[in-house]
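Structure below is coords_1.txt: compact mmCIF, C-alpha atoms.
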# COMPACT_ATOMS: atom_id res chain seq x y z
CA MET A 139 -2.59 19.73 -17.85
CA THR A 140 -2.90 16.92 -15.38
CA VAL A 141 -3.16 17.50 -11.66
CA SER A 142 0.45 16.53 -11.23
CA GLU A 143 1.64 19.02 -13.82
CA GLN A 144 -0.32 21.82 -12.24
CA GLN A 145 1.57 21.24 -9.03
CA LEU A 146 4.87 21.53 -10.85
CA VAL A 147 4.56 24.95 -12.37
CA VAL A 148 8.12 26.22 -12.67
CA PRO A 149 8.69 28.43 -9.67
CA GLU A 150 9.13 32.13 -10.34
CA ALA A 151 11.85 32.49 -7.78
CA PRO A 152 14.85 30.30 -8.48
CA GLY A 153 15.66 28.06 -5.59
CA LYS A 154 12.11 27.43 -4.50
CA LEU A 155 10.73 23.97 -4.93
CA ILE A 156 7.08 23.04 -4.81
CA VAL A 157 6.40 19.79 -3.03
CA PRO A 158 2.87 18.71 -2.23
CA THR A 159 1.93 17.66 1.25
CA TYR A 160 -0.86 15.23 1.98
CA ALA A 161 -3.39 16.12 4.65
CA LYS A 162 -3.67 13.86 7.67
CA PRO A 163 -6.78 11.69 7.89
CA ALA A 164 -9.46 12.99 10.26
CA PRO A 165 -9.61 11.21 13.63
CA GLY A 166 -11.71 8.05 13.33
CA ASN A 167 -11.38 7.84 9.56
CA HIS A 168 -9.02 4.85 9.73
CA PRO A 169 -9.17 1.92 12.16
CA PRO A 170 -6.80 1.82 15.13
CA LEU A 171 -3.89 -0.61 14.82
CA ASP A 172 -4.70 -1.99 18.27
CA PHE A 173 -8.30 -3.21 18.15
CA PRO A 174 -8.92 -5.94 20.74
CA PRO A 175 -12.17 -7.26 19.20
CA TYR A 176 -10.02 -8.32 16.19
CA LYS A 177 -7.80 -10.70 18.10
CA SER A 178 -4.96 -10.91 15.61
CA THR A 179 -4.16 -7.22 16.12
CA GLY A 180 -2.94 -8.03 19.64
CA LEU A 181 0.62 -9.06 18.81
CA ARG A 182 0.86 -7.24 15.49
CA HIS A 183 0.49 -3.55 16.31
CA PRO A 184 3.25 -1.14 17.34
CA THR A 185 3.12 -0.42 21.08
CA ARG A 186 5.51 2.55 21.22
CA PRO A 187 4.59 6.03 20.06
CA LEU A 188 4.91 6.53 16.31
CA VAL A 189 7.54 9.05 15.21
CA LEU A 190 6.31 11.84 12.94
CA LEU A 191 7.70 11.35 9.43
CA PRO A 192 7.86 14.64 7.53
CA GLN A 193 6.61 14.36 3.96
CA ARG A 194 9.67 14.90 1.80
CA LEU A 195 10.83 13.57 -1.53
CA THR A 196 10.49 9.87 -0.74
CA GLU A 197 7.01 10.32 0.71
CA VAL A 198 5.51 12.59 -1.96
CA THR A 199 6.62 10.32 -4.79
CA GLY A 200 5.59 6.71 -5.23
CA PRO A 201 5.62 3.75 -7.56
CA LEU A 202 3.89 4.36 -10.87
CA LEU A 203 3.21 0.78 -11.82
CA GLY A 204 1.26 -0.31 -14.74
CA ASP A 205 1.48 -1.31 -18.30
CA ASP A 206 4.10 -4.01 -17.94
CA LEU A 207 2.05 -5.70 -15.25
CA ILE A 208 -1.41 -5.97 -16.70
CA SER A 209 -3.35 -7.20 -19.69
CA MET A 210 -6.93 -6.48 -20.72
CA GLN A 211 -8.09 -9.80 -19.30
CA ASP A 212 -6.99 -8.80 -15.81
CA ALA A 213 -10.06 -6.59 -15.39
CA ASP A 214 -12.55 -9.33 -16.36
CA LEU A 215 -12.46 -12.06 -13.73
CA THR A 216 -15.12 -14.05 -15.59
CA THR A 217 -13.05 -14.75 -18.70
CA GLN A 218 -9.76 -15.89 -17.25
CA HIS A 219 -10.56 -19.57 -17.92
CA ALA A 220 -12.07 -21.64 -20.69
CA GLY A 221 -15.43 -21.90 -18.95
CA GLU A 222 -17.67 -19.41 -17.19
CA PRO A 223 -17.52 -19.19 -13.41
CA GLN A 224 -20.51 -20.04 -11.24
CA GLY A 225 -22.45 -17.28 -9.56
CA GLN A 226 -23.98 -13.87 -10.06
CA ARG A 227 -22.07 -11.80 -12.63
CA ILE A 228 -21.49 -8.22 -11.46
CA ILE A 229 -19.80 -5.05 -12.70
CA VAL A 230 -17.75 -3.21 -10.08
CA PHE A 231 -16.71 0.25 -11.18
CA GLY A 232 -15.88 3.62 -9.73
CA GLN A 233 -13.57 6.56 -9.51
CA VAL A 234 -10.34 6.89 -7.58
CA ARG A 235 -9.95 10.49 -6.40
CA ASP A 236 -8.27 12.38 -3.62
CA SER A 237 -9.99 14.10 -0.73
CA GLY A 238 -9.90 17.36 -2.68
CA GLY A 239 -12.06 15.76 -5.37
CA ARG A 240 -9.27 15.42 -7.96
CA PRO A 241 -9.25 12.20 -10.00
CA VAL A 242 -6.21 9.95 -9.59
CA PRO A 243 -5.26 8.78 -13.10
CA ASP A 244 -2.92 5.97 -14.20
CA THR A 245 -2.86 4.18 -10.89
CA LEU A 246 -2.82 0.44 -10.38
CA VAL A 247 -5.88 -1.11 -8.72
CA GLU A 248 -5.48 -4.72 -7.54
CA ILE A 249 -8.36 -6.85 -6.23
CA TRP A 250 -8.85 -10.31 -4.75
CA GLN A 251 -11.97 -12.06 -3.49
CA THR A 252 -13.75 -15.36 -2.83
CA ASN A 253 -15.76 -17.19 -5.43
CA ALA A 254 -19.57 -17.36 -5.29
CA ALA A 255 -19.40 -20.04 -2.59
CA GLY A 256 -17.24 -17.97 -0.25
CA ARG A 257 -14.02 -19.83 -1.00
CA TYR A 258 -10.64 -18.23 -1.73
CA ARG A 259 -8.25 -19.90 -4.11
CA HIS A 260 -5.43 -20.09 -1.58
CA ALA A 261 -3.48 -22.99 -0.11
CA ARG A 262 -4.17 -22.01 3.50
CA GLU A 263 -7.93 -21.65 3.04
CA HIS A 264 -9.90 -24.45 4.73
CA HIS A 265 -13.52 -23.35 4.45
CA PRO A 266 -15.44 -26.44 3.24
CA ALA A 267 -16.95 -24.75 0.20
CA PRO A 268 -16.20 -25.74 -3.38
CA LEU A 269 -13.50 -24.19 -5.50
CA ASP A 270 -14.58 -23.06 -8.95
CA PRO A 271 -12.18 -24.23 -11.66
CA ASN A 272 -13.21 -21.23 -13.74
CA PHE A 273 -12.63 -18.55 -11.14
CA ASP A 274 -9.38 -17.33 -9.58
CA GLY A 275 -10.82 -14.24 -7.92
CA ILE A 276 -7.95 -11.92 -8.81
CA GLY A 277 -7.94 -8.77 -10.94
CA ARG A 278 -5.94 -5.72 -11.92
CA ALA A 279 -6.79 -2.49 -13.67
CA ILE A 280 -5.26 0.93 -14.25
CA THR A 281 -7.38 4.03 -13.75
CA ASP A 282 -8.05 6.18 -16.82
CA GLN A 283 -7.54 9.93 -17.07
CA GLY A 284 -10.71 10.48 -15.05
CA GLY A 285 -9.51 8.14 -12.31
CA ARG A 286 -12.07 5.53 -13.38
CA TYR A 287 -11.70 1.77 -13.22
CA ARG A 288 -14.05 -1.12 -14.04
CA PHE A 289 -14.04 -4.82 -13.24
CA ILE A 290 -16.36 -7.62 -14.29
CA THR A 291 -16.51 -10.32 -11.66
CA ILE A 292 -18.74 -12.64 -9.62
CA GLN A 293 -20.64 -11.70 -6.46
CA PRO A 294 -18.36 -13.02 -3.67
CA GLY A 295 -19.76 -15.14 -0.84
CA SER A 296 -19.59 -14.94 2.93
CA TYR A 297 -17.32 -17.25 4.88
CA PRO A 298 -16.62 -18.13 8.50
CA TRP A 299 -13.45 -17.08 10.30
CA GLY A 300 -11.99 -17.96 13.65
CA ASN A 301 -12.07 -14.61 15.41
CA HIS A 302 -14.95 -15.53 17.72
CA TYR A 303 -17.85 -17.98 17.94
CA ASN A 304 -19.96 -18.03 14.75
CA ALA A 305 -17.96 -15.24 13.15
CA TRP A 306 -18.71 -14.71 9.45
CA ARG A 307 -17.23 -12.13 7.13
CA PRO A 308 -19.73 -10.16 5.06
CA ALA A 309 -19.17 -10.54 1.31
CA HIS A 310 -16.32 -8.26 0.26
CA ILE A 311 -13.70 -7.57 -2.36
CA HIS A 312 -10.16 -6.63 -1.27
CA PHE A 313 -8.74 -3.53 -2.98
CA SER A 314 -5.11 -2.36 -3.07
CA LEU A 315 -4.23 1.11 -4.40
CA PHE A 316 -1.08 3.15 -4.79
CA GLY A 317 -2.30 6.58 -5.75
CA ARG A 318 0.57 8.80 -6.94
CA ALA A 319 2.58 8.98 -3.73
CA PHE A 320 3.86 6.69 -0.99
CA THR A 321 1.66 8.73 1.34
CA GLN A 322 -1.49 7.69 -0.55
CA ARG A 323 -1.00 3.92 -0.39
CA LEU A 324 -4.25 2.20 0.64
CA VAL A 325 -5.45 -1.34 1.17
CA THR A 326 -9.17 -1.62 1.87
CA GLN A 327 -12.23 -3.82 1.39
CA MET A 328 -15.41 -3.14 -0.56
CA TYR A 329 -18.68 -4.34 0.96
CA PHE A 330 -22.18 -4.76 -0.47
CA PRO A 331 -25.24 -2.73 0.52
CA GLY A 332 -27.79 -4.46 2.72
CA ASP A 333 -25.49 -7.24 3.87
CA PRO A 334 -26.92 -8.49 7.20
CA LEU A 335 -23.43 -9.37 8.43
CA LEU A 336 -22.15 -5.78 8.29
CA PRO A 337 -23.43 -4.73 11.73
CA LEU A 338 -21.77 -7.85 13.19
CA ASP A 339 -18.44 -7.67 11.40
CA THR A 340 -15.40 -6.93 13.56
CA ILE A 341 -13.21 -5.71 10.71
CA TYR A 342 -15.79 -3.44 9.09
CA ASN A 343 -16.68 -1.99 12.49
CA SER A 344 -13.05 -1.35 13.39
CA VAL A 345 -13.44 2.03 11.66
CA PRO A 346 -14.64 4.41 14.38
CA ASP A 347 -16.37 7.01 12.20
CA GLU A 348 -19.75 5.82 10.96
CA GLN A 349 -19.68 7.95 7.81
CA ALA A 350 -16.18 6.81 6.98
CA ARG A 351 -17.27 3.21 7.45
CA ALA A 352 -20.10 3.75 5.00
CA ARG A 353 -17.49 4.76 2.37
CA MET A 354 -16.57 1.09 2.15
CA ILE A 355 -20.04 0.05 1.00
CA ALA A 356 -20.58 0.04 -2.75
CA GLN A 357 -23.79 1.49 -4.17
CA PHE A 358 -26.03 -0.56 -6.39
CA SER A 359 -26.57 1.23 -9.70
CA ILE A 360 -29.54 0.34 -11.87
CA GLU A 361 -28.33 2.90 -14.45
CA ASP A 362 -25.10 1.00 -14.95
CA THR A 363 -26.64 -2.44 -14.66
CA GLN A 364 -26.54 -4.06 -18.09
CA PRO A 365 -29.90 -5.47 -19.16
CA GLU A 366 -29.98 -9.26 -19.50
CA TRP A 367 -26.37 -9.45 -18.36
CA ALA A 368 -24.95 -8.09 -15.09
CA LEU A 369 -25.76 -6.04 -11.97
CA ALA A 370 -23.57 -3.00 -11.37
CA TYR A 371 -22.06 -1.65 -8.16
CA ARG A 372 -20.29 1.68 -7.90
CA PHE A 373 -17.36 1.92 -5.51
CA ASP A 374 -15.56 5.26 -5.43
CA ILE A 375 -12.28 5.32 -3.53
CA VAL A 376 -10.97 8.45 -1.84
CA LEU A 377 -7.23 8.74 -1.12
CA ARG A 378 -5.43 11.40 0.89
CA GLY A 379 -5.51 14.78 -0.85
CA ARG A 380 -2.77 17.31 -1.49
CA GLU A 381 -2.06 20.78 -0.25
CA ALA A 382 0.72 22.72 -1.97
CA ALA A 383 3.61 23.76 0.22
CA VAL A 384 6.68 25.75 -0.67
CA PHE A 385 10.12 25.36 0.78
CA GLU A 386 13.55 26.66 -0.04
CA SER A 387 15.84 24.45 -2.03
CA PRO A 388 19.44 24.29 -0.90
CA GLU A 389 20.64 23.71 -4.46
CA GLY A 390 19.03 26.87 -5.74
CA HIS A 391 21.17 29.33 -3.83
CA MET B 42 -13.91 21.13 1.29
CA SER B 43 -12.37 17.77 1.81
CA GLU B 44 -14.01 14.38 1.61
CA LEU B 45 -13.67 11.60 4.13
CA LEU B 46 -11.13 9.03 2.99
CA THR B 47 -11.92 5.45 2.17
CA PRO B 48 -10.80 3.71 5.38
CA SER B 49 -7.99 1.21 5.53
CA GLN B 50 -8.75 -2.47 6.15
CA THR B 51 -6.49 -5.45 6.69
CA VAL B 52 -4.96 -7.27 3.71
CA GLY B 53 -6.17 -10.43 5.45
CA PRO B 54 -4.57 -13.84 5.05
CA TYR B 55 -5.19 -14.29 1.34
CA PHE B 56 -3.53 -11.30 -0.36
CA ALA B 57 -0.95 -13.71 -1.75
CA MET B 58 -3.54 -14.66 -4.38
CA ARG B 59 -3.00 -11.30 -6.06
CA LEU B 60 -0.31 -9.05 -4.71
CA PRO B 61 3.01 -10.88 -5.03
CA TRP B 62 4.60 -11.36 -8.40
CA GLU B 63 7.76 -13.14 -9.41
CA GLN B 64 9.84 -10.04 -10.00
CA GLY B 65 8.33 -8.20 -7.02
CA PRO B 66 11.36 -8.51 -4.73
CA PHE B 67 13.68 -7.36 -7.51
CA VAL B 68 13.82 -3.58 -7.56
CA VAL B 69 16.70 -4.18 -9.97
CA PRO B 70 17.34 -7.38 -11.92
CA ASP B 71 19.44 -9.97 -10.14
CA GLY B 72 23.06 -9.54 -11.14
CA THR B 73 22.87 -5.78 -11.60
CA PRO B 74 26.30 -4.28 -10.85
CA GLY B 75 26.29 -2.86 -7.36
CA ALA B 76 23.09 -4.67 -6.39
CA ILE B 77 22.50 -5.29 -2.70
CA THR B 78 20.15 -7.71 -0.98
CA ILE B 79 18.28 -6.60 2.10
CA PHE B 80 16.79 -9.55 3.93
CA GLY B 81 15.19 -10.05 7.28
CA ARG B 82 12.29 -11.48 9.20
CA LEU B 83 9.04 -9.99 10.38
CA TYR B 84 8.24 -10.81 14.04
CA ASP B 85 5.15 -10.38 16.18
CA GLY B 86 4.99 -9.37 19.84
CA ALA B 87 5.58 -12.94 21.05
CA GLY B 88 8.79 -13.10 19.03
CA ASP B 89 7.20 -15.47 16.54
CA PRO B 90 7.70 -14.96 12.81
CA ILE B 91 4.74 -13.53 10.89
CA PRO B 92 4.28 -15.92 7.96
CA ASP B 93 1.52 -13.97 6.20
CA GLY B 94 3.03 -10.52 5.97
CA LEU B 95 3.82 -8.32 2.99
CA ILE B 96 6.79 -5.96 2.79
CA GLU B 97 6.85 -3.11 0.27
CA THR B 98 9.73 -0.72 -0.34
CA TRP B 99 10.06 2.63 -2.09
CA GLN B 100 13.29 4.51 -2.64
CA ALA B 101 15.32 6.92 -4.78
CA GLY B 102 17.85 5.68 -7.31
CA PRO B 103 21.60 5.75 -6.65
CA ASP B 104 21.59 9.32 -7.98
CA GLY B 105 19.03 10.39 -5.38
CA ARG B 106 16.34 10.91 -8.00
CA PHE B 107 12.83 9.58 -8.55
CA ALA B 108 11.27 8.86 -11.93
CA HIS B 109 8.17 10.70 -10.78
CA PRO B 110 6.50 13.96 -11.83
CA ASP B 111 6.35 15.19 -8.24
CA ASP B 112 10.11 15.19 -7.86
CA PRO B 113 10.44 18.97 -8.12
CA ARG B 114 13.98 18.72 -9.41
CA GLY B 115 12.53 17.83 -12.80
CA PRO B 116 12.59 14.83 -15.09
CA VAL B 117 15.29 12.20 -14.72
CA PRO B 118 17.63 11.58 -17.66
CA ASP B 119 16.39 8.08 -18.45
CA GLY B 120 12.72 9.02 -18.50
CA ASP B 121 10.47 6.00 -18.69
CA LYS B 122 13.33 3.55 -18.46
CA ALA B 123 14.47 4.99 -15.17
CA PHE B 124 14.86 3.13 -11.94
CA ARG B 125 11.45 1.90 -10.75
CA GLY B 126 12.26 2.08 -7.05
CA PHE B 127 9.52 -0.28 -5.84
CA GLY B 128 9.90 -3.67 -4.20
CA ARG B 129 7.30 -6.08 -2.86
CA CYS B 130 7.89 -9.38 -1.06
CA PRO B 131 5.51 -11.62 0.89
CA THR B 132 7.00 -13.17 4.04
CA GLY B 133 7.70 -16.90 4.12
CA ARG B 134 6.69 -19.43 6.76
CA ASP B 135 9.68 -18.28 8.81
CA GLY B 136 8.70 -14.63 8.44
CA SER B 137 11.52 -14.03 6.00
CA PHE B 138 11.60 -11.54 3.14
CA LYS B 139 14.22 -10.10 0.83
CA ILE B 140 14.54 -7.15 -1.50
CA VAL B 141 17.21 -6.96 -4.21
CA THR B 142 18.00 -3.34 -4.99
CA VAL B 143 20.72 -0.73 -5.25
CA LYS B 144 21.60 1.70 -2.51
CA PRO B 145 19.71 4.97 -2.89
CA GLY B 146 21.48 8.32 -2.95
CA ALA B 147 21.14 11.04 -0.35
CA LEU B 148 18.28 13.55 -0.74
CA PRO B 149 17.85 17.24 -0.08
CA PHE B 150 15.49 17.70 2.85
CA GLY B 151 14.41 21.12 1.69
CA ASP B 152 15.86 23.37 4.38
CA GLY B 153 19.54 23.01 3.62
CA ARG B 154 19.89 19.72 5.43
CA THR B 155 20.36 16.36 3.72
CA GLU B 156 18.53 13.11 4.26
CA ALA B 157 20.83 10.12 4.54
CA PRO B 158 20.22 7.32 2.03
CA HIS B 159 17.07 5.48 3.11
CA ILE B 160 14.29 3.21 1.90
CA ASP B 161 10.68 3.71 2.96
CA VAL B 162 8.97 0.47 4.00
CA SER B 163 5.28 -0.49 4.36
CA VAL B 164 4.38 -3.55 6.44
CA PHE B 165 1.04 -5.30 5.90
CA SER B 166 -0.43 -8.51 7.30
CA ARG B 167 -3.48 -10.21 8.64
CA GLY B 168 -4.11 -8.60 12.03
CA MET B 169 -2.95 -5.20 10.79
CA LEU B 170 -5.91 -2.93 10.08
CA ASP B 171 -3.59 -0.39 8.47
CA ARG B 172 -0.02 -0.57 7.23
CA SER B 173 2.89 0.26 9.50
CA VAL B 174 5.60 2.47 7.98
CA THR B 175 9.29 2.27 8.77
CA ARG B 176 12.61 3.11 7.08
CA VAL B 177 15.83 1.27 6.31
CA TYR B 178 19.06 3.25 6.77
CA PHE B 179 22.55 2.06 5.87
CA PRO B 180 25.33 1.05 8.29
CA ASP B 181 28.12 2.52 6.16
CA GLU B 182 26.65 6.03 6.38
CA GLU B 183 27.50 6.92 9.95
CA ALA B 184 28.10 10.62 9.36
CA ALA B 185 25.05 11.02 7.09
CA ASN B 186 22.87 9.08 9.54
CA ALA B 187 24.02 11.27 12.43
CA ALA B 188 22.98 14.35 10.44
CA ASP B 189 19.73 12.89 9.11
CA PRO B 190 16.80 15.15 10.04
CA VAL B 191 14.43 12.21 10.50
CA LEU B 192 16.77 9.97 12.50
CA GLN B 193 17.54 12.93 14.75
CA THR B 194 13.91 12.98 15.87
CA VAL B 195 14.00 9.27 16.79
CA PRO B 196 14.92 8.56 20.44
CA ALA B 197 18.64 7.78 20.39
CA GLU B 198 18.27 4.39 22.04
CA ARG B 199 15.86 3.25 19.31
CA ARG B 200 17.74 4.48 16.21
CA ALA B 201 19.56 1.20 15.73
CA THR B 202 16.26 -0.51 14.87
CA LEU B 203 16.25 1.50 11.62
CA ILE B 204 19.80 0.74 10.52
CA ALA B 205 20.43 -2.40 8.51
CA VAL B 206 23.13 -4.74 9.77
CA PRO B 207 25.97 -5.66 7.40
CA VAL B 208 26.32 -9.41 6.92
CA GLU B 209 28.74 -9.61 4.05
CA ASP B 210 29.53 -7.62 0.96
CA GLY B 211 26.25 -6.70 -0.72
CA LEU B 212 24.14 -8.37 1.96
CA LEU B 213 22.29 -6.49 4.70
CA ARG B 214 19.93 -7.73 7.39
CA PHE B 215 16.87 -5.74 8.48
CA ASP B 216 14.57 -7.52 10.92
CA ILE B 217 11.21 -5.93 11.72
CA HIS B 218 9.79 -6.38 15.22
CA MET B 219 6.22 -5.21 15.62
CA GLN B 220 6.56 -5.23 19.43
CA GLY B 221 8.93 -6.26 22.19
CA PRO B 222 12.24 -4.95 23.51
CA ALA B 223 13.59 -4.55 19.96
CA GLU B 224 10.38 -3.01 18.60
CA THR B 225 11.17 -1.32 15.32
CA VAL B 226 10.54 2.41 15.07
CA PHE B 227 7.37 3.02 13.09
CA PHE B 228 6.33 6.36 11.66
CA ASP B 229 3.22 8.49 11.60
CA LEU B 230 3.13 9.60 7.99
How does the structure come out when it is put into structure tokens?
Amino acid sequence: MTVSEQQLVVPEAPGKLIVPTYAKPAPGNHPPLDFPPYKSTGLRHPTRPLVLLPQRLTEVTGPLLGDDLISMQDADLTTQHAGEPQGQRIIVFGQVRDSGGRPVPDTLVEIWQTNAAGRYRHAREHHPAPLDPNFDGIGRAITDQGGRYRFITIQPGSYPWGNHYNAWRPAHIHFSLFGRAFTQRLVTQMYFPGDPLLPLDTIYNSVPDEQARARMIAQFSIEDTQPEWALAYRFDIVLRGREAAVFESPEGH
Amino acid sequence: MSELLTPSQTVGPYFAMRLPWEQGPFVVPDGTPGAITIFGRLYDGAGDPIPDGLIETWQAGPDGRFAHPDDPRGPVPDGDKAFRGFGRCPTGRDGSFKIVTVKPGALPFGDGRTEAPHIDVSVFSRGMLDRSVTRVYFPDEEAANAADPVLQTVPAERRATLIAVPVEDGLLRFDIHMQGPAETVFFDL
């Protein structure tokens, strides 16, 4: 039985429905929406108190996207063109699980990143670094039954941004995840261990909790590094976890 | 024992490399009988359009069901072919977005009350370190909206920010204001 099926055991008492609820993140786990050091947050964060949204049917379900959107090649960013891209080939792999330790299977993982020179393939990108005709910097994968995913890509570069004088982003890969419920939706960034820009980076340091921040740094893995071929980085992603809750169903009475 | 979560980070300015796809705004194919278009603009606190935003929607089908194993009412009749329910649209230079869909059905809230038809919305952009969540409600559901257990918790003077505005048959406008006098109601999920 999958995790989802376990949660759906037919109730013994007719009229009772089992709907999971997703625990709130601990304080400091996520960045604040209003974070003055990151200037663009100024006009783009809600200023009025948020209204509590109970987790009901729309929130505990979510898009299960997949097979019709991806092909095998989507997970290997180094073979999407006729030639090989420039730069250091790397394997980025990991497990998507929830905060209770349960793997999240069959969920779409989308990534985007710069090329080795720190340049995005995007019309509004003006960093004077070369594009690589053999590298788009975009990937997709679906997690397996153990919640695992794996990409082959190129070590991204650092690049300057306009937030403040001499601001540079540490090398990173953008990740977008759905989980199994609207409540679990996550967009994040993966960073590399030992990057000297991390202590200086406004966006990385927007996360108040130091241990939570460290969750965004991949771990180098010599065990998974492929001899003569590619370095490996492990990046596990933890989404909000479930607690079972029971409520009465109006239809059941 | 519960682990710390992987923190949220901004989608940044370059998500458009990966996230949008051609059929993204079409929750149902164009021309589907009964299809509606919800369009609008995303505005920042200065009243300027946000040209690098991303709008995502999630909703029940017209029958009020989800093709999802966590819908405790059981499998839907169409199984895998069922209504997908998800829409995704990047904003244009003028902050505009649109979603082509069908109106969702009402949903049991779980305590005898009923949720009015609604669409959950996630808003992402550069300058947003986490998504903001809001909901679209429908203008032709006055009685259901008045009884909706979520809308009832929203301060009365702000409820209108969550109700789409009818433009013409099958066309609804839903502007999203991050700040300002018309600031949209956002939710803590």
For a cut-off of 7 Å around (21.3, 9.4, -12.9), file coordinates, pick out all residues using all atoms listed in the file and list them as a PyMOL selection string.
-> chain B and resi 104+117-118
When you get a sec, could you note down which chain B residues fall within 6 Å of chain A, using only C-alpha atoms, as a list of chain:residue names?
-> B:Ser43, B:Glu44, B:Leu46, B:Thr47, B:Pro48, B:Ser49, B:Gln50, B:Arg59, B:Asp85, B:Gly86, B:Asp111, B:Pro113, B:Phe127, B:Gly151, B:Asp152, B:Gly153, B:Gly168, B:Met169, B:Leu170, B:Met219, B:Gln220, B:Phe227, B:Phe228, B:Asp229, B:Leu230
One decimal, Å: what's the distance from atom CA of Arg372 of chain A over to atom CA of Phe358 of chain A, could you say?
->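 Answer for the atom CA of Arg372 of chain A to atom CA of Phe358 of chain A separation: 6.3 Å.
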Which value, in Å to one decimal, gives the distance between atom CA of Gly72 of chain B and atom CA of Phe138 of chain B?
->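 It comes out at 18.4 Å.
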Shell around Ala356 of chain A at 6 Å using only C-alpha atoms, local window under 2 positions removed, as a list in words | Phe330, Tyr371, Arg372 and Phe373 of chain A
Go through B:Phe107, B:Phe150, B:Phe215, B:Phe67 one by one, measure the shortest atom-to-atom distance of each to Arg176 of chain B using all atoms listed in the file, and give the residue with the smallest value.
->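 Looking at the shortest contact to Arg176 of chain B, the residue is B:Phe215.
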Interatomic distance (Å, one decimal) between atom CA of Ile217 of chain B and atom CA of Gly81 of chain B = 7.2 Å
Shell around Tyr84 of chain B at 12 Å using all atoms listed in the file, local window under 5 positions removed, as a compact mmCIF listing (two decimals) with C-alpha atoms, in the coordinates of the input:
# COMPACT_ATOMS: atom_id res chain seq x y z
CA LEU A 181 0.62 -9.06 18.81
CA ARG A 182 0.86 -7.24 15.49
CA HIS A 183 0.49 -3.55 16.31
CA PRO A 184 3.25 -1.14 17.34
CA ASP B 89 7.20 -15.47 16.54
CA PRO B 90 7.70 -14.96 12.81
CA ILE B 91 4.74 -13.53 10.89
CA PRO B 92 4.28 -15.92 7.96
CA ASP B 93 1.52 -13.97 6.20
CA GLY B 94 3.03 -10.52 5.97
CA THR B 132 7.00 -13.17 4.04
CA GLY B 133 7.70 -16.90 4.12
CA ARG B 134 6.69 -19.43 6.76
CA ASP B 135 9.68 -18.28 8.81
CA GLY B 136 8.70 -14.63 8.44
CA SER B 137 11.52 -14.03 6.00
CA PHE B 138 11.60 -11.54 3.14
CA VAL B 164 4.38 -3.55 6.44
CA SER B 166 -0.43 -8.51 7.30
CA PHE B 215 16.87 -5.74 8.48
CA ASP B 216 14.57 -7.52 10.92
CA ILE B 217 11.21 -5.93 11.72
CA HIS B 218 9.79 -6.38 15.22
CA MET B 219 6.22 -5.21 15.62
CA GLN B 220 6.56 -5.23 19.43
CA GLY B 221 8.93 -6.26 22.19
CA PRO B 222 12.24 -4.95 23.51
CA ALA B 223 13.59 -4.55 19.96
CA GLU B 224 10.38 -3.01 18.60
CA THR B 225 11.17 -1.32 15.32
Compile the contact shell of segment 185-195 of chain B as a PDB file with C-alpha atoms, in the frame of the given file: residues with an atom at most 7 Å away, counting all atoms listed in the file, same-chain residues fewer than 3 positions apart removed.
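In the end it all went to out.pdb:
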ATOM      1  CA  VAL A 189       7.540   9.050  15.210  1.00  0.00           C
ATOM      2  CA  LEU A 191       7.700  11.350   9.430  1.00  0.00           C
TER       3      LEU A 191
ATOM      4  CA  THR B 155      20.360  16.360   3.720  1.00  0.00           C
ATOM      5  CA  GLU B 156      18.530  13.110   4.260  1.00  0.00           C
ATOM      6  CA  ALA B 157      20.830  10.120   4.540  1.00  0.00           C
ATOM      7  CA  GLU B 182      26.650   6.030   6.380  1.00  0.00           C
ATOM      8  CA  ARG B 199      15.860   3.250  19.310  1.00  0.00           C
ATOM      9  CA  ARG B 200      17.740   4.480  16.210  1.00  0.00           C
TER      10      ARG B 200
END
Spatial neighbours of Ile360 of chain A, 10 Å, all atoms listed in the file, chain gap at least 5 places, as a list in words | Pro365, Leu369, Ala370 and Tyr371 of chain A
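Using only C-alpha atoms for every distance, the candidate list B:Glu183, B:Asp171, B:His159, B:Pro149 yields B:His159 as the residue closest to Leu203 of chain B.
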Because some atoms of segment 333-339 of chain A are absent here, can you restore N, CA and C atoms and send them as a CSV table (one decimal), in the frame of the given file?
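Result file is result_6.csv:
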chain,number,residue,atom,x,y,z
A,333,ASP,N,-26.0,-6.0,3.4
A,333,ASP,CA,-25.5,-7.2,3.9
A,333,ASP,C,-25.8,-7.4,5.4
A,334,PRO,N,-26.5,-8.4,5.8
A,334,PRO,CA,-26.9,-8.5,7.2
A,334,PRO,C,-25.7,-8.7,8.1
A,335,LEU,N,-24.6,-9.1,7.6
A,335,LEU,CA,-23.4,-9.4,8.4
A,335,LEU,C,-22.7,-8.1,8.8
A,336,LEU,N,-22.9,-7.0,8.1
A,336,LEU,CA,-22.2,-5.8,8.3
A,336,LEU,C,-22.2,-5.3,9.7
A,337,PRO,N,-23.4,-5.2,10.3
A,337,PRO,CA,-23.4,-4.7,11.7
A,337,PRO,C,-22.7,-5.6,12.7
A,338,LEU,N,-22.4,-6.9,12.3
A,338,LEU,CA,-21.8,-7.8,13.2
A,338,LEU,C,-20.3,-8.0,12.9
A,339,ASP,N,-19.8,-7.4,11.9
A,339,ASP,CA,-18.4,-7.7,11.4
A,339,ASP,C,-17.4,-6.8,12.1
